[in-house]
Amino acid sequence: MMEGLSTEEAGKRLKQHGYNELPAEKSRNLWQIAIEVVKEPMFILLLAGGLLYILLGNYQEGIILFSSILIIIFITFYQSQKTEHALSALKKLSSPKVLLIRDGIQARVPGREIVPGDIMILNEGDRVAADAIVLDCLNLKMDESLLTGESMAVAKEAKTGDAAHHNKIFNGTLVIQGRGLAEVIATGIATEMGKIGVSLQTITQEETRLQKEMKVLVRNLFIIGALISVGIVFAFYFTRGHFIQSLLNGIAASIAILPEEFPVVLTVFLALGSWRLSKKNVLTRKDAAIEALGATTVLCADKTGTITQNKMEIAAIYNGSELFYKNTFSEKQGHLSELMTAASRASAQDSVDPMEKAIDHAYKTVFLYGDDDYRLIKEYPLSRELLAMTRVTENEENIISVSAKGAPEAIFKLCDIQGSQLDACMSVVRQMGDEGYRVIAVANAPTGGNELPEKQHHFNFNFLGLIALEDPIRPEVPAAVQQCKDAGIRLIMITGDFPATARSIATQIGLEPSGKLVTGAELEEMSEEDLRKEIPHINIFARVVPDQKLRIVQALKANNEIVAMTGDGVNDAPALKAAHIGIAMGNKGTDVAREASSMVLLDDNFASIVAAIRSGRRIFDNLQKAMTYIMAIHIPIIGLTLLPAFFPGLPLLLMPLHIVFMELIIDPICSVAFESEQEEKNIMKRPPRATDHKFFGTGRILNSIFEGAMLLFMVLVVYFLSLQEHHTEGEVRAIAFSSLVIGNVFLILTNLSKTRSFASIITGRNWAAILMLSVALLMLFIMIALPAMQRVFSLEFPGYKHFLSAVIAAGSMLVVLEAIKYTRFKRHIAWLKKNEAGL
């Protein structure tokens, strides 16, 4: 037996080479997140305002301002940590121990502690933890689908010298048959899997359209706000004096102009969106992907493990005279019993080989033959010279059977099939191949005496038939593909398998049959420009390699497509990271794929992708409505802040604390109402939003300005009515501020849906909206009614009847806005009917 490394030598090499781990993105700590948040201009203003209040001795106001920043930091940190913990748990599940030879004895060692020079013992079912050279083996077969994308097993043999590189086994691959010994030659980032992981570091992910638009908008508003604020500081100073108070009013104006709620609301939406997606078994690693989901125009799906189940299943059987498909197996048991018995006995018991597991499953559950008790007498293994294997078995009645299975050509040779019979069999083999099946042949033979021959060629075999196997599609895929079609999303299947297999799978899932198929060799000959021109007509890529998957994604992005890429293997990782939305499989996926992805499917369910896209559309719609409302509510806040600067005789209506209360407390709380609103009708029947569609389009901005101007006009009417009734400054502020808050609530009610009336909140059971709006009104009541809160917010209680004007004015505004929404909806319906009629 080989001695292997000593424990001492292994420890030295571990220090030299490091742990056997792949590169991973580092999670952000609380301090890093805090620095990112505080760098934003609006939070700098909040810090400045809080500091000025502290210097003026108004500690309550200063503490409230500082607390609002801490809340945002902790929301961001909590969501980040929750996602990283979930991903870490997935990673631990996929890090098993490895059986090695150390100090001349077998020992199980954590996979992260193996080093070059270690001798690994390979058995069926083992996941290889490093790249290695096979030193000795018996009938060793590897599943390399996670690395290559091909579901067919790869046979390995021990070689030495120059041919050794042909018999490498790779990190992440699976032993599906046989056993062996292998010497570790590379670990961690030095493995083939690790090299792909390192290459991911060079791929940068683009910002989403919303992130880009928000940056531009906040930058422009920051410049405008800075100019206006400087003007307000001087206007207040020259009309009222007191420079520090003028500076505070300038900061208040800046806070009113800057949409500092945007990051708060965006954080709330994305955090709650991530939570909702997790309920559908979709883990969100990068929140920005949620926004991109609703705009997805192309879904690139890896075939193996994503569209298919990454396992083998018997699809058809040819018994030498007739071809039977799987839906007729139960009816034709009598015609297939001898063939299936031979196929079962030619397979190892409790095998992890996908092909042999499929045969065993069909033998026991489809044909209902039950357990076949026998003992193995001798096995003739598969070799490169003859791609067939024979097993000699003996049952309880001491009857000896000789059963063989293997490549059709090899079995035909063993059975000495010639002439018309060979032509007929080859015709069936070609037919099965054209349908994308993997084909094996089965035969049996009499023992011919007590002594067994040295080679399987010496048996007198009888040909029994052919078995066609397939990697079956996931049952939920066809319906999900149809939903993608209805939603205007194009599906492209990418695989390392053969074209015939790819076309067969495409037909089964309902992929557009008129689409073009391009192989990896053809893709290699295309220039980037040619690929960009051709890719709109291609829906299947077959026999591709990892670099080509990345090219496909980049070509789609160059055509202004919003690309979602699904996959589970290491070969998918570069494309996963380059895509706008990379979606990895959680159960069968590799660590590299999960690290590179934006989202992880915890149940590996293809239908969850469509559910995630549906949720993405709803989240985007509701986020757009929430942001539109926030822009609208800024108009009255800005107007009421500027008014006293140009009319010195008017009392101050809004102070910095009132503005912070409106923008960082009531607005985010009320935004939960938008997040919880149900989706609009036919959300998955409309095409993805256009790539040039702006989140903050001119029409939307003008609509926000109009609604905000209506609310400002309403508040000013109440404000001046209160002044005419000779209320004190504190009472006027209380009445006008109440009209602003109530009008704010009504503005939310009318903006919750583009097609439904405000009454639908109750009938639609948006309990979050009802609760949040009730909380907002309750907080207003507490501010006005409690003396302690009155002092904090500089308010005085004028009596309940004086708030009637605020309620009537806000209700009038709601009626007008609802009438406008109803008119727009009717026009939209009429336009749709004209289009349907072809007018």
# chains A, B, ... in the order shown; residues from 1 in each chain; ligands from 1
call {"tool": "residues_around", "arguments": {"residues": "Ser344 of chain A", "least_positions_apart": "4", "cutoff": "7 Å", "atoms": "only C-alpha atoms", "output": "number ranges by chain"}}
result
A: 340, 359-360, 363
call {"tool": "write_last_selection", "arguments": {"atoms": "all heavy atoms", "output": "PDB file, in the first residue's frame"}}
result
ATOM      1  N   MET A 340     -34.639  -6.277 -19.857  1.00  0.00           N
ATOM      2  CA  MET A 340     -34.463  -5.459 -18.659  1.00  0.00           C
ATOM      3  C   MET A 340     -33.761  -6.234 -17.548  1.00  0.00           C
ATOM      4  O   MET A 340     -32.971  -5.669 -16.778  1.00  0.00           O
ATOM      5  CB  MET A 340     -35.804  -4.938 -18.164  1.00  0.00           C
ATOM      6  CG  MET A 340     -36.375  -3.798 -19.002  1.00  0.00           C
ATOM      7  SD  MET A 340     -35.238  -2.399 -19.152  1.00  0.00           S
ATOM      8  CE  MET A 340     -35.001  -1.945 -17.441  1.00  0.00           C
ATOM      9  N   ILE A 359     -31.428   2.441 -15.033  1.00  0.00           N
ATOM     10  CA  ILE A 359     -31.837   1.057 -15.330  1.00  0.00           C
ATOM     11  C   ILE A 359     -32.441   0.415 -14.082  1.00  0.00           C
ATOM     12  O   ILE A 359     -33.483  -0.246 -14.146  1.00  0.00           O
ATOM     13  CB  ILE A 359     -30.636   0.245 -15.848  1.00  0.00           C
ATOM     14  CG1 ILE A 359     -30.209   0.765 -17.224  1.00  0.00           C
ATOM     15  CG2 ILE A 359     -30.966  -1.243 -15.900  1.00  0.00           C
ATOM     16  CD1 ILE A 359     -28.919   0.152 -17.747  1.00  0.00           C
ATOM     17  N   ASP A 360     -31.776   0.594 -12.934  1.00  0.00           N
ATOM     18  CA  ASP A 360     -32.278   0.015 -11.685  1.00  0.00           C
ATOM     19  C   ASP A 360     -33.640   0.588 -11.310  1.00  0.00           C
ATOM     20  O   ASP A 360     -34.541  -0.143 -10.880  1.00  0.00           O
ATOM     21  CB  ASP A 360     -31.264   0.280 -10.562  1.00  0.00           C
ATOM     22  CG  ASP A 360     -31.680  -0.347  -9.247  1.00  0.00           C
ATOM     23  OD1 ASP A 360     -31.723  -1.582  -9.169  1.00  0.00           O
ATOM     24  OD2 ASP A 360     -31.989   0.422  -8.301  1.00  0.00           O
ATOM     25  N   TYR A 363     -36.269  -0.858 -13.659  1.00  0.00           N
ATOM     26  CA  TYR A 363     -36.452  -2.287 -13.378  1.00  0.00           C
ATOM     27  C   TYR A 363     -37.367  -2.504 -12.174  1.00  0.00           C
ATOM     28  O   TYR A 363     -38.227  -3.381 -12.181  1.00  0.00           O
ATOM     29  CB  TYR A 363     -35.082  -2.923 -13.130  1.00  0.00           C
ATOM     30  CG  TYR A 363     -35.112  -4.426 -12.932  1.00  0.00           C
ATOM     31  CD1 TYR A 363     -35.188  -5.283 -14.028  1.00  0.00           C
ATOM     32  CD2 TYR A 363     -35.047  -4.984 -11.660  1.00  0.00           C
ATOM     33  CE1 TYR A 363     -35.210  -6.666 -13.853  1.00  0.00           C
ATOM     34  CE2 TYR A 363     -35.074  -6.364 -11.472  1.00  0.00           C
ATOM     35  CZ  TYR A 363     -35.155  -7.193 -12.584  1.00  0.00           C
ATOM     36  OH  TYR A 363     -35.188  -8.562 -12.403  1.00  0.00           O
TER      37      TYR A 363
END
call {"tool": "select_by_dssp", "arguments": {"residues": "segment 451-541 of chain A", "states": "alpha helix (DSSP H)", "output": "ChimeraX atom specification"}}
result
/A:477-486,499-509,520-525,528-534
call {"tool": "select_by_dssp", "arguments": {"residues": "segment 391-460 of chain A", "states": "strand (DSSP E or B)", "output": "list in words"}}
result
Arg391, Val392, Thr393, Glu394, Asn395, Ile400, Ser401, Val402, Ser403, Ala404, Lys405, Gly406, Arg438, Val439, Ile440, Ala441, Val442, Ala443, Asn444 and Ala445 of chain A
call {"tool": "write_last_selection", "arguments": {"atoms": "C-alpha atoms", "output": "mmCIF file, in the first residue's frame"}}
result
data_model
loop_
_atom_site.group_PDB
_atom_site.id
_atom_site.type_symbol
_atom_site.label_atom_id
_atom_site.label_comp_id
_atom_site.auth_asym_id
_atom_site.auth_seq_id
_atom_site.Cartn_x
_atom_site.Cartn_y
_atom_site.Cartn_z
ATOM 1 C CA ARG A 391 -21.143 -9.448 -15.397
ATOM 2 C CA VAL A 392 -21.573 -13.104 -14.449
ATOM 3 C CA THR A 393 -24.102 -13.586 -11.631
ATOM 4 C CA GLU A 394 -25.779 -16.420 -9.744
ATOM 5 C CA ASN A 395 -29.282 -16.205 -8.244
ATOM 6 C CA ILE A 400 -25.816 -18.553 -13.518
ATOM 7 C CA SER A 401 -26.460 -15.643 -15.911
ATOM 8 C CA VAL A 402 -24.102 -13.797 -18.233
ATOM 9 C CA SER A 403 -25.261 -10.245 -18.984
ATOM 10 C CA ALA A 404 -23.552 -7.532 -21.025
ATOM 11 C CA LYS A 405 -24.216 -3.903 -21.864
ATOM 12 C CA GLY A 406 -22.243 -1.224 -23.666
ATOM 13 C CA ARG A 438 -27.805 8.150 -25.372
ATOM 14 C CA VAL A 439 -27.978 4.559 -26.629
ATOM 15 C CA ILE A 440 -26.633 1.329 -25.137
ATOM 16 C CA ALA A 441 -27.095 -2.243 -26.306
ATOM 17 C CA VAL A 442 -27.845 -5.290 -24.125
ATOM 18 C CA ALA A 443 -27.021 -8.958 -24.591
ATOM 19 C CA ASN A 444 -26.883 -12.215 -22.637
ATOM 20 C CA ALA A 445 -25.137 -15.536 -23.060
#
call {"tool": "closest_residue", "arguments": {"among": "A:Met389, A:Leu786, A:Val154, A:Ile820", "to": "Leu414 of chain A", "atoms": "only C-alpha atoms"}}
result
A:Met389
call {"tool": "closest_residue", "arguments": {"among": "A:Asn310, A:Ser383, A:Ser246, A:Asn462", "to": "Ala407 of chain A", "atoms": "only C-alpha atoms"}}
result
A:Ser383
call {"tool": "atom_distance", "arguments": {"atom1": "atom CA of Ala769 of chain A", "atom2": "atom CA of Arg276 of chain A"}}
result
16.6 Å
